[in-house]
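Note: the block below is query.pdb and it holds PDB, N, CA and C atoms.
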MODEL        1
ATOM      1  N   MET A   1       0.848  -1.178   0.000
ATOM      2  CA  MET A   1       0.000   0.000   0.000
ATOM      3  C   MET A   1       0.886   1.231   0.000
ATOM      4  N   SER A   2       0.480   2.211  -0.779
ATOM      5  CA  SER A   2       1.282   3.432  -0.879
ATOM      6  C   SER A   2       1.204   4.232   0.415
ATOM      7  N   PRO A   3       2.217   5.057   0.701
ATOM      8  CA  PRO A   3       2.156   5.902   1.900
ATOM      9  C   PRO A   3       0.937   6.816   1.909
ATOM     10  N   ALA A   4       0.530   7.319   0.743
ATOM     11  CA  ALA A   4      -0.651   8.188   0.682
ATOM     12  C   ALA A   4      -1.900   7.437   1.125
ATOM     13  N   ALA A   5      -2.026   6.186   0.701
ATOM     14  CA  ALA A   5      -3.208   5.396   1.065
ATOM     15  C   ALA A   5      -3.231   5.088   2.561
ATOM     16  N   ARG A   6      -2.081   4.903   3.172
ATOM     17  CA  ARG A   6      -2.037   4.606   4.606
ATOM     18  C   ARG A   6      -2.527   5.773   5.446
ATOM     19  N   SER A   7      -2.375   6.985   4.932
ATOM     20  CA  SER A   7      -2.737   8.152   5.720
ATOM     21  C   SER A   7      -4.105   8.730   5.356
ATOM     22  N   LEU A   8      -4.901   7.999   4.620
ATOM     23  CA  LEU A   8      -6.225   8.491   4.229
ATOM     24  C   LEU A   8      -7.163   8.547   5.420
ATOM     25  N   PRO A   9      -8.007   9.563   5.447
ATOM     26  CA  PRO A   9      -9.041   9.594   6.489
ATOM     27  C   PRO A   9     -10.030   8.456   6.261
ATOM     28  N   HIS A  10     -10.716   8.061   7.306
ATOM     29  CA  HIS A  10     -11.656   6.942   7.216
ATOM     30  C   HIS A  10     -12.732   7.199   6.162
ATOM     31  N   GLN A  11     -13.222   8.422   6.068
ATOM     32  CA  GLN A  11     -14.233   8.788   5.070
ATOM     33  C   GLN A  11     -13.569   9.510   3.899
ATOM     34  N   ALA A  12     -12.582   8.865   3.331
ATOM     35  CA  ALA A  12     -11.777   9.464   2.273
ATOM     36  C   ALA A  12     -12.614   9.771   1.037
ATOM     37  N   ARG A  13     -12.218  10.844   0.371
ATOM     38  CA  ARG A  13     -12.808  11.205  -0.919
ATOM     39  C   ARG A  13     -11.774  10.812  -1.971
ATOM     40  N   VAL A  14     -12.153   9.838  -2.805
ATOM     41  CA  VAL A  14     -11.214   9.246  -3.754
ATOM     42  C   VAL A  14     -11.706   9.482  -5.184
ATOM     43  N   LEU A  15     -10.794   9.876  -6.050
ATOM     44  CA  LEU A  15     -11.087  10.051  -7.468
ATOM     45  C   LEU A  15     -10.304   9.009  -8.250
ATOM     46  N   ILE A  16     -10.994   8.249  -9.094
ATOM     47  CA  ILE A  16     -10.355   7.293  -9.993
ATOM     48  C   ILE A  16     -10.551   7.822 -11.406
ATOM     49  N   VAL A  17      -9.461   7.894 -12.168
ATOM     50  CA  VAL A  17      -9.515   8.412 -13.526
ATOM     51  C   VAL A  17      -9.029   7.343 -14.494
ATOM     52  N   ARG A  18      -9.901   6.961 -15.422
ATOM     53  CA  ARG A  18      -9.531   6.060 -16.531
ATOM     54  C   ARG A  18     -10.425   6.409 -17.705
ATOM     55  N   PHE A  19      -9.901   7.171 -18.661
ATOM     56  CA  PHE A  19     -10.713   7.688 -19.747
ATOM     57  C   PHE A  19     -11.049   6.650 -20.818
ATOM     58  N   THR A  20     -10.052   6.011 -21.369
ATOM     59  CA  THR A  20     -10.279   5.227 -22.587
ATOM     60  C   THR A  20      -9.835   3.785 -22.439
ATOM     61  N   SER A  21      -9.968   3.075 -23.523
ATOM     62  CA  SER A  21      -9.589   1.668 -23.602
ATOM     63  C   SER A  21     -10.580   0.819 -22.810
ATOM     64  N   LEU A  22     -11.568   0.346 -23.491
ATOM     65  CA  LEU A  22     -12.657  -0.398 -22.871
ATOM     66  C   LEU A  22     -12.163  -1.478 -21.910
ATOM     67  N   GLY A  23     -11.208  -2.275 -22.337
ATOM     68  CA  GLY A  23     -10.700  -3.349 -21.483
ATOM     69  C   GLY A  23     -10.072  -2.830 -20.205
ATOM     70  N   ASP A  24      -9.340  -1.722 -20.306
ATOM     71  CA  ASP A  24      -8.714  -1.140 -19.124
ATOM     72  C   ASP A  24      -9.742  -0.527 -18.179
ATOM     73  N   VAL A  25     -10.804   0.032 -18.745
ATOM     74  CA  VAL A  25     -11.874   0.560 -17.895
ATOM     75  C   VAL A  25     -12.533  -0.590 -17.144
ATOM     76  N   VAL A  26     -12.764  -1.708 -17.834
ATOM     77  CA  VAL A  26     -13.355  -2.884 -17.183
ATOM     78  C   VAL A  26     -12.454  -3.366 -16.049
ATOM     79  N   LYS A  27     -11.161  -3.440 -16.293
ATOM     80  CA  LYS A  27     -10.224  -3.857 -15.241
ATOM     81  C   LYS A  27     -10.245  -2.886 -14.059
ATOM     82  N   ALA A  28     -10.367  -1.610 -14.344
ATOM     83  CA  ALA A  28     -10.356  -0.589 -13.285
ATOM     84  C   ALA A  28     -11.620  -0.622 -12.434
ATOM     85  N   THR A  29     -12.664  -1.301 -12.892
ATOM     86  CA  THR A  29     -13.898  -1.357 -12.098
ATOM     87  C   THR A  29     -13.699  -2.111 -10.790
ATOM     88  N   ALA A  30     -12.621  -2.858 -10.659
ATOM     89  CA  ALA A  30     -12.333  -3.559  -9.405
ATOM     90  C   ALA A  30     -11.765  -2.607  -8.346
ATOM     91  N   LEU A  31     -11.180  -1.501  -8.755
ATOM     92  CA  LEU A  31     -10.565  -0.576  -7.802
ATOM     93  C   LEU A  31     -11.530  -0.058  -6.738
ATOM     94  N   PRO A  32     -12.737   0.380  -7.093
ATOM     95  CA  PRO A  32     -13.643   0.862  -6.045
ATOM     96  C   PRO A  32     -13.945  -0.207  -4.986
ATOM     97  N   ARG A  33     -14.092  -1.441  -5.407
ATOM     98  CA  ARG A  33     -14.351  -2.524  -4.443
ATOM     99  C   ARG A  33     -13.158  -2.697  -3.503
ATOM    100  N   LEU A  34     -11.959  -2.644  -4.035
ATOM    101  CA  LEU A  34     -10.759  -2.797  -3.211
ATOM    102  C   LEU A  34     -10.593  -1.628  -2.243
ATOM    103  N   ILE A  35     -10.892  -0.429  -2.702
ATOM    104  CA  ILE A  35     -10.797   0.744  -1.834
ATOM    105  C   ILE A  35     -11.835   0.645  -0.720
ATOM    106  N   HIS A  36     -13.038   0.220  -1.069
ATOM    107  CA  HIS A  36     -14.089   0.087  -0.053
ATOM    108  C   HIS A  36     -13.792  -1.019   0.958
ATOM    109  N   ALA A  37     -13.053  -2.024   0.555
ATOM    110  CA  ALA A  37     -12.673  -3.077   1.499
ATOM    111  C   ALA A  37     -11.800  -2.501   2.611
ATOM    112  N   ARG A  38     -10.959  -1.551   2.267
ATOM    113  CA  ARG A  38     -10.065  -0.921   3.245
ATOM    114  C   ARG A  38     -10.712   0.285   3.933
ATOM    115  N   TYR A  39     -11.509   1.036   3.171
ATOM    116  CA  TYR A  39     -12.163   2.258   3.669
ATOM    117  C   TYR A  39     -13.653   2.185   3.355
ATOM    118  N   PRO A  40     -14.432   1.477   4.168
ATOM    119  CA  PRO A  40     -15.857   1.257   3.879
ATOM    120  C   PRO A  40     -16.677   2.539   3.738
ATOM    121  N   ASP A  41     -16.247   3.622   4.336
ATOM    122  CA  ASP A  41     -17.002   4.867   4.257
ATOM    123  C   ASP A  41     -16.458   5.833   3.203
ATOM    124  N   ALA A  42     -15.569   5.347   2.364
ATOM    125  CA  ALA A  42     -14.984   6.198   1.332
ATOM    126  C   ALA A  42     -16.050   6.625   0.328
ATOM    127  N   HIS A  43     -15.894   7.825  -0.174
ATOM    128  CA  HIS A  43     -16.755   8.376  -1.226
ATOM    129  C   HIS A  43     -15.924   8.346  -2.500
ATOM    130  N   ILE A  44     -16.300   7.481  -3.440
ATOM    131  CA  ILE A  44     -15.496   7.278  -4.640
ATOM    132  C   ILE A  44     -16.190   7.884  -5.856
ATOM    133  N   THR A  45     -15.430   8.695  -6.573
ATOM    134  CA  THR A  45     -15.870   9.264  -7.841
ATOM    135  C   THR A  45     -15.008   8.646  -8.934
ATOM    136  N   PHE A  46     -15.626   8.228 -10.020
ATOM    137  CA  PHE A  46     -14.915   7.582 -11.126
ATOM    138  C   PHE A  46     -15.163   8.414 -12.382
ATOM    139  N   VAL A  47     -14.089   8.855 -13.039
ATOM    140  CA  VAL A  47     -14.187   9.605 -14.279
ATOM    141  C   VAL A  47     -13.707   8.720 -15.413
ATOM    142  N   THR A  48     -14.531   8.624 -16.452
ATOM    143  CA  THR A  48     -14.179   7.835 -17.629
ATOM    144  C   THR A  48     -14.774   8.498 -18.863
ATOM    145  N   ALA A  49     -14.484   7.944 -20.008
ATOM    146  CA  ALA A  49     -15.067   8.466 -21.246
ATOM    147  C   ALA A  49     -16.579   8.256 -21.200
ATOM    148  N   GLU A  50     -17.295   9.190 -21.760
ATOM    149  CA  GLU A  50     -18.759   9.112 -21.800
ATOM    150  C   GLU A  50     -19.215   7.769 -22.369
ATOM    151  N   ALA A  51     -18.498   7.259 -23.355
ATOM    152  CA  ALA A  51     -18.863   5.991 -23.997
ATOM    153  C   ALA A  51     -18.778   4.802 -23.039
ATOM    154  N   HIS A  52     -17.977   4.915 -21.981
ATOM    155  CA  HIS A  52     -17.791   3.806 -21.035
ATOM    156  C   HIS A  52     -18.529   4.006 -19.711
ATOM    157  N   LEU A  53     -19.290   5.050 -19.640
ATOM    158  CA  LEU A  53     -19.953   5.409 -18.384
ATOM    159  C   LEU A  53     -20.884   4.308 -17.870
ATOM    160  N   GLU A  54     -21.541   3.600 -18.756
ATOM    161  CA  GLU A  54     -22.459   2.532 -18.342
ATOM    162  C   GLU A  54     -21.745   1.414 -17.577
ATOM    163  N   LEU A  55     -20.458   1.236 -17.813
ATOM    164  CA  LEU A  55     -19.692   0.214 -17.089
ATOM    165  C   LEU A  55     -19.506   0.580 -15.624
ATOM    166  N   ILE A  56     -19.558   1.858 -15.325
ATOM    167  CA  ILE A  56     -19.262   2.359 -13.989
ATOM    168  C   ILE A  56     -20.520   2.735 -13.227
ATOM    169  N   ARG A  57     -21.490   3.266 -13.934
ATOM    170  CA  ARG A  57     -22.662   3.899 -13.313
ATOM    171  C   ARG A  57     -23.349   3.026 -12.251
ATOM    172  N   ASP A  58     -23.460   1.729 -12.461
ATOM    173  CA  ASP A  58     -24.176   0.864 -11.522
ATOM    174  C   ASP A  58     -23.262   0.157 -10.524
ATOM    175  N   ASN A  59     -22.001   0.517 -10.486
ATOM    176  CA  ASN A  59     -21.078  -0.097  -9.530
ATOM    177  C   ASN A  59     -21.481   0.358  -8.126
ATOM    178  N   PRO A  60     -21.804  -0.580  -7.245
ATOM    179  CA  PRO A  60     -22.277  -0.194  -5.914
ATOM    180  C   PRO A  60     -21.235   0.514  -5.051
ATOM    181  N   HIS A  61     -19.980   0.457  -5.453
ATOM    182  CA  HIS A  61     -18.914   1.096  -4.677
ATOM    183  C   HIS A  61     -18.566   2.493  -5.190
ATOM    184  N   VAL A  62     -19.196   2.905  -6.279
ATOM    185  CA  VAL A  62     -18.938   4.219  -6.862
ATOM    186  C   VAL A  62     -20.087   5.148  -6.499
ATOM    187  N   ALA A  63     -19.766   6.200  -5.779
ATOM    188  CA  ALA A  63     -20.789   7.162  -5.369
ATOM    189  C   ALA A  63     -21.182   8.079  -6.519
ATOM    190  N   HIS A  64     -20.216   8.397  -7.382
ATOM    191  CA  HIS A  64     -20.478   9.346  -8.458
ATOM    192  C   HIS A  64     -19.652   8.953  -9.674
ATOM    193  N   ALA A  65     -20.317   8.738 -10.804
ATOM    194  CA  ALA A  65     -19.636   8.430 -12.061
ATOM    195  C   ALA A  65     -19.769   9.628 -12.992
ATOM    196  N   ILE A  66     -18.661  10.036 -13.569
ATOM    197  CA  ILE A  66     -18.650  11.203 -14.448
ATOM    198  C   ILE A  66     -18.109  10.779 -15.804
ATOM    199  N   GLY A  67     -18.848  11.112 -16.846
ATOM    200  CA  GLY A  67     -18.401  10.835 -18.204
ATOM    201  C   GLY A  67     -17.819  12.075 -18.846
ATOM    202  N   PHE A  68     -16.689  11.918 -19.516
ATOM    203  CA  PHE A  68     -16.060  13.030 -20.221
ATOM    204  C   PHE A  68     -16.213  12.803 -21.719
ATOM    205  N   GLU A  69     -16.714  13.805 -22.405
ATOM    206  CA  GLU A  69     -16.872  13.738 -23.852
ATOM    207  C   GLU A  69     -15.641  14.323 -24.517
ATOM    208  N   ARG A  70     -14.910  13.483 -25.199
ATOM    209  CA  ARG A  70     -13.656  13.893 -25.826
ATOM    210  C   ARG A  70     -13.860  15.044 -26.813
ATOM    211  N   ARG A  71     -15.020  15.085 -27.459
ATOM    212  CA  ARG A  71     -15.286  16.123 -28.457
ATOM    213  C   ARG A  71     -15.330  17.524 -27.846
ATOM    214  N   LYS A  72     -15.448  17.607 -26.524
ATOM    215  CA  LYS A  72     -15.461  18.918 -25.867
ATOM    216  C   LYS A  72     -14.070  19.521 -25.792
ATOM    217  N   GLY A  73     -13.068  18.725 -26.109
ATOM    218  CA  GLY A  73     -11.700  19.215 -26.236
ATOM    219  C   GLY A  73     -11.086  19.735 -24.948
ATOM    220  N   LEU A  74     -10.058  20.547 -25.133
ATOM    221  CA  LEU A  74      -9.302  21.066 -24.008
ATOM    222  C   LEU A  74     -10.165  21.922 -23.092
ATOM    223  N   ARG A  75     -11.046  22.721 -23.661
ATOM    224  CA  ARG A  75     -11.907  23.577 -22.845
ATOM    225  C   ARG A  75     -12.784  22.737 -21.909
ATOM    226  N   GLY A  76     -13.366  21.675 -22.435
ATOM    227  CA  GLY A  76     -14.187  20.793 -21.610
ATOM    228  C   GLY A  76     -13.369  20.097 -20.532
ATOM    229  N   LEU A  77     -12.162  19.707 -20.891
ATOM    230  CA  LEU A  77     -11.277  19.057 -19.922
ATOM    231  C   LEU A  77     -10.905  20.016 -18.796
ATOM    232  N   LEU A  78     -10.610  21.253 -19.143
ATOM    233  CA  LEU A  78     -10.261  22.238 -18.118
ATOM    234  C   LEU A  78     -11.444  22.548 -17.210
ATOM    235  N   ARG A  79     -12.645  22.577 -17.781
ATOM    236  CA  ARG A  79     -13.844  22.778 -16.942
ATOM    237  C   ARG A  79     -14.035  21.612 -15.979
ATOM    238  N   LEU A  80     -13.842  20.407 -16.487
ATOM    239  CA  LEU A  80     -13.954  19.232 -15.625
ATOM    240  C   LEU A  80     -12.887  19.274 -14.529
ATOM    241  N   ALA A  81     -11.670  19.648 -14.882
ATOM    242  CA  ALA A  81     -10.587  19.735 -13.894
ATOM    243  C   ALA A  81     -10.937  20.733 -12.794
ATOM    244  N   ALA A  82     -11.486  21.881 -13.171
ATOM    245  CA  ALA A  82     -11.877  22.885 -12.171
ATOM    246  C   ALA A  82     -12.967  22.337 -11.263
ATOM    247  N   ARG A  83     -13.921  21.649 -11.842
ATOM    248  CA  ARG A  83     -15.006  21.038 -11.049
ATOM    249  C   ARG A  83     -14.457  20.020 -10.055
ATOM    250  N   LEU A  84     -13.533  19.192 -10.519
ATOM    251  CA  LEU A  84     -12.972  18.160  -9.643
ATOM    252  C   LEU A  84     -12.091  18.760  -8.553
ATOM    253  N   ARG A  85     -11.363  19.826  -8.857
ATOM    254  CA  ARG A  85     -10.530  20.476  -7.839
ATOM    255  C   ARG A  85     -11.372  20.991  -6.675
ATOM    256  N   ARG A  86     -12.569  21.478  -6.982
ATOM    257  CA  ARG A  86     -13.457  21.964  -5.921
ATOM    258  C   ARG A  86     -13.907  20.841  -4.997
ATOM    259  N   GLU A  87     -13.856  19.614  -5.467
ATOM    260  CA  GLU A  87     -14.254  18.458  -4.652
ATOM    261  C   GLU A  87     -13.229  18.131  -3.563
ATOM    262  N   ARG A  88     -12.005  18.577  -3.739
ATOM    263  CA  ARG A  88     -10.946  18.384  -2.743
ATOM    264  C   ARG A  88     -10.783  16.912  -2.356
ATOM    265  N   PHE A  89     -10.374  16.101  -3.311
ATOM    266  CA  PHE A  89     -10.189  14.668  -3.087
ATOM    267  C   PHE A  89      -8.968  14.417  -2.207
ATOM    268  N   ASP A  90      -9.062  13.391  -1.390
ATOM    269  CA  ASP A  90      -7.944  12.988  -0.541
ATOM    270  C   ASP A  90      -6.925  12.164  -1.323
ATOM    271  N   LEU A  91      -7.411  11.464  -2.346
ATOM    272  CA  LEU A  91      -6.540  10.603  -3.150
ATOM    273  C   LEU A  91      -7.051  10.592  -4.580
ATOM    274  N   VAL A  92      -6.122  10.709  -5.542
ATOM    275  CA  VAL A  92      -6.453  10.583  -6.962
ATOM    276  C   VAL A  92      -5.692   9.379  -7.494
ATOM    277  N   VAL A  93      -6.431   8.443  -8.065
ATOM    278  CA  VAL A  93      -5.835   7.256  -8.672
ATOM    279  C   VAL A  93      -5.939   7.452 -10.179
ATOM    280  N   ASP A  94      -4.810   7.744 -10.794
ATOM    281  CA  ASP A  94      -4.747   7.974 -12.234
ATOM    282  C   ASP A  94      -4.298   6.667 -12.877
ATOM    283  N   VAL A  95      -5.255   5.886 -13.355
ATOM    284  CA  VAL A  95      -4.955   4.555 -13.867
ATOM    285  C   VAL A  95      -4.177   4.624 -15.173
ATOM    286  N   HIS A  96      -4.393   5.643 -15.958
ATOM    287  CA  HIS A  96      -3.794   5.724 -17.283
ATOM    288  C   HIS A  96      -2.512   6.557 -17.328
ATOM    289  N   ARG A  97      -2.501   7.646 -16.616
ATOM    290  CA  ARG A  97      -1.383   8.595 -16.623
ATOM    291  C   ARG A  97      -1.162   9.200 -18.003
ATOM    292  N   SER A  98      -2.255   9.497 -18.685
ATOM    293  CA  SER A  98      -2.182  10.166 -19.979
ATOM    294  C   SER A  98      -2.095  11.668 -19.748
ATOM    295  N   LEU A  99      -1.856  12.400 -20.821
ATOM    296  CA  LEU A  99      -1.805  13.853 -20.713
ATOM    297  C   LEU A  99      -3.137  14.395 -20.218
ATOM    298  N   ARG A 100      -4.254  13.853 -20.764
ATOM    299  CA  ARG A 100      -5.574  14.311 -20.326
ATOM    300  C   ARG A 100      -5.794  14.051 -18.846
ATOM    301  N   SER A 101      -5.466  12.879 -18.371
ATOM    302  CA  SER A 101      -5.712  12.583 -16.967
ATOM    303  C   SER A 101      -4.790  13.382 -16.049
ATOM    304  N   ARG A 102      -3.608  13.724 -16.518
ATOM    305  CA  ARG A 102      -2.712  14.545 -15.707
ATOM    306  C   ARG A 102      -3.237  15.967 -15.530
ATOM    307  N   VAL A 103      -3.986  16.455 -16.526
ATOM    308  CA  VAL A 103      -4.591  17.780 -16.409
ATOM    309  C   VAL A 103      -5.540  17.803 -15.225
ATOM    310  N   LEU A 104      -6.247  16.703 -15.009
ATOM    311  CA  LEU A 104      -7.179  16.646 -13.890
ATOM    312  C   LEU A 104      -6.439  16.642 -12.573
TER
ENDMDL
END

Can you present the structure in this file as structure tokens?
Amino acid sequence: MSPAARSLPHQARVLIVRFTSLGDVVKATALPRLIHARYPDAHITFVTAEAHLELIRDNPHVAHAIGFERRKGLRGLLRLAARLRRERFDLVVDVHRSLRSRVL
């Protein structure tokens, strides 16, 4: 476990980011369950491509699923980043580490 994860508050606010690649989004759906096993009261937000939102929306461990539409471009990404910054997450799990996800 990472040092950041060890120091999370019990009711941690966690952001998981995985935009593209259907198979990788499917694999990432296990992360909320694993986080909840350690932090049952965690509030998990998952950001993915709008096209993959249905894979996340009904996950019982995800409190909020957000779809990003790639066609909205950089302006849309920056708006989403500003929205997420206001949420003040305790931990951000960037599954992809792409340029887009780093902006967030």

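A straight-line distance of 8.4 Å separates atom C of A:Glu87 from atom N of A:Val14.
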
_Under the PyMOL selection byres ((chain A and resi 16) around 5), which residues of this model are included? Write them out as an NGL selection string._
:A and (14-15 or 17-18 or 45-47 or 93)

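Minimum atom-to-atom distance to A:His61, evaluated using all atoms listed in the file, belongs to A:Ile44 out of A:Val92, A:Ala12, A:Ile44, A:Ala81.
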
*Exactly which residues make up the result of the PyMOL selection byres (((chain A and resi 31-35 and name CA) around 12) and name CA) on this file, given as a PyMOL selection string?*
chain A and resi 1+5-6+8+10-18+24-30+36-46+56-65+91-95

Using the chain letters and numbering of this document, enumerate as a PDB file with N, CA and C atoms, keeping the file's coordinate frame the residues selected by the PyMOL selection byres ((chain A and resi 51) around 8).
ATOM      1  N   PHE A  19      -9.901   7.171 -18.661  1.00  0.00           N
ATOM      2  CA  PHE A  19     -10.713   7.688 -19.747  1.00  0.00           C
ATOM      3  C   PHE A  19     -11.049   6.650 -20.818  1.00  0.00           C
ATOM      4  N   THR A  48     -14.531   8.624 -16.452  1.00  0.00           N
ATOM      5  CA  THR A  48     -14.179   7.835 -17.629  1.00  0.00           C
ATOM      6  C   THR A  48     -14.774   8.498 -18.863  1.00  0.00           C
ATOM      7  N   ALA A  49     -14.484   7.944 -20.008  1.00  0.00           N
ATOM      8  CA  ALA A  49     -15.067   8.466 -21.246  1.00  0.00           C
ATOM      9  C   ALA A  49     -16.579   8.256 -21.200  1.00  0.00           C
ATOM     10  N   GLU A  50     -17.295   9.190 -21.760  1.00  0.00           N
ATOM     11  CA  GLU A  50     -18.759   9.112 -21.800  1.00  0.00           C
ATOM     12  C   GLU A  50     -19.215   7.769 -22.369  1.00  0.00           C
ATOM     13  N   HIS A  52     -17.977   4.915 -21.981  1.00  0.00           N
ATOM     14  CA  HIS A  52     -17.791   3.806 -21.035  1.00  0.00           C
ATOM     15  C   HIS A  52     -18.529   4.006 -19.711  1.00  0.00           C
ATOM     16  N   LEU A  53     -19.290   5.050 -19.640  1.00  0.00           N
ATOM     17  CA  LEU A  53     -19.953   5.409 -18.384  1.00  0.00           C
ATOM     18  C   LEU A  53     -20.884   4.308 -17.870  1.00  0.00           C
ATOM     19  N   GLU A  54     -21.541   3.600 -18.756  1.00  0.00           N
ATOM     20  CA  GLU A  54     -22.459   2.532 -18.342  1.00  0.00           C
ATOM     21  C   GLU A  54     -21.745   1.414 -17.577  1.00  0.00           C
ATOM     22  N   LEU A  55     -20.458   1.236 -17.813  1.00  0.00           N
ATOM     23  CA  LEU A  55     -19.692   0.214 -17.089  1.00  0.00           C
ATOM     24  C   LEU A  55     -19.506   0.580 -15.624  1.00  0.00           C
ATOM     25  N   GLY A  67     -18.848  11.112 -16.846  1.00  0.00           N
ATOM     26  CA  GLY A  67     -18.401  10.835 -18.204  1.00  0.00           C
ATOM     27  C   GLY A  67     -17.819  12.075 -18.846  1.00  0.00           C
ATOM     28  N   PHE A  68     -16.689  11.918 -19.516  1.00  0.00           N
ATOM     29  CA  PHE A  68     -16.060  13.030 -20.221  1.00  0.00           C
ATOM     30  C   PHE A  68     -16.213  12.803 -21.719  1.00  0.00           C
ATOM     31  N   GLU A  69     -16.714  13.805 -22.405  1.00  0.00           N
ATOM     32  CA  GLU A  69     -16.872  13.738 -23.852  1.00  0.00           C
ATOM     33  C   GLU A  69     -15.641  14.323 -24.517  1.00  0.00           C
ATOM     34  N   ARG A  70     -14.910  13.483 -25.199  1.00  0.00           N
ATOM     35  CA  ARG A  70     -13.656  13.893 -25.826  1.00  0.00           C
ATOM     36  C   ARG A  70     -13.860  15.044 -26.813  1.00  0.00           C
TER      37      ARG A  70
END

Axis-aligned box for all listed atoms of stretch 61-67 of chain A, 6 Å per side, centre and edges in Å to one decimal, as AutoDock Vina command-line options:
--center_x -19.5 --center_y 6.3 --center_z -11.8 --size_x 15.4 --size_y 23.6 --size_z 26.2

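When atom N of A:Arg85 is paired with atom CA of A:Gly73, their separation reads 17.4 Å.
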
_Which of chain A fall in alpha helix (DSSP H), as number ranges by chain_ = A: 3-6, 22-28, 30-38, 53-57, 73-87, 99-103

*What gap, in Å, lies between atom CA of A:Leu74 and atom N of A:Arg88?*
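Taking atom CA of A:Leu74 and atom N of A:Arg88, their separation equals 20.6 Å.
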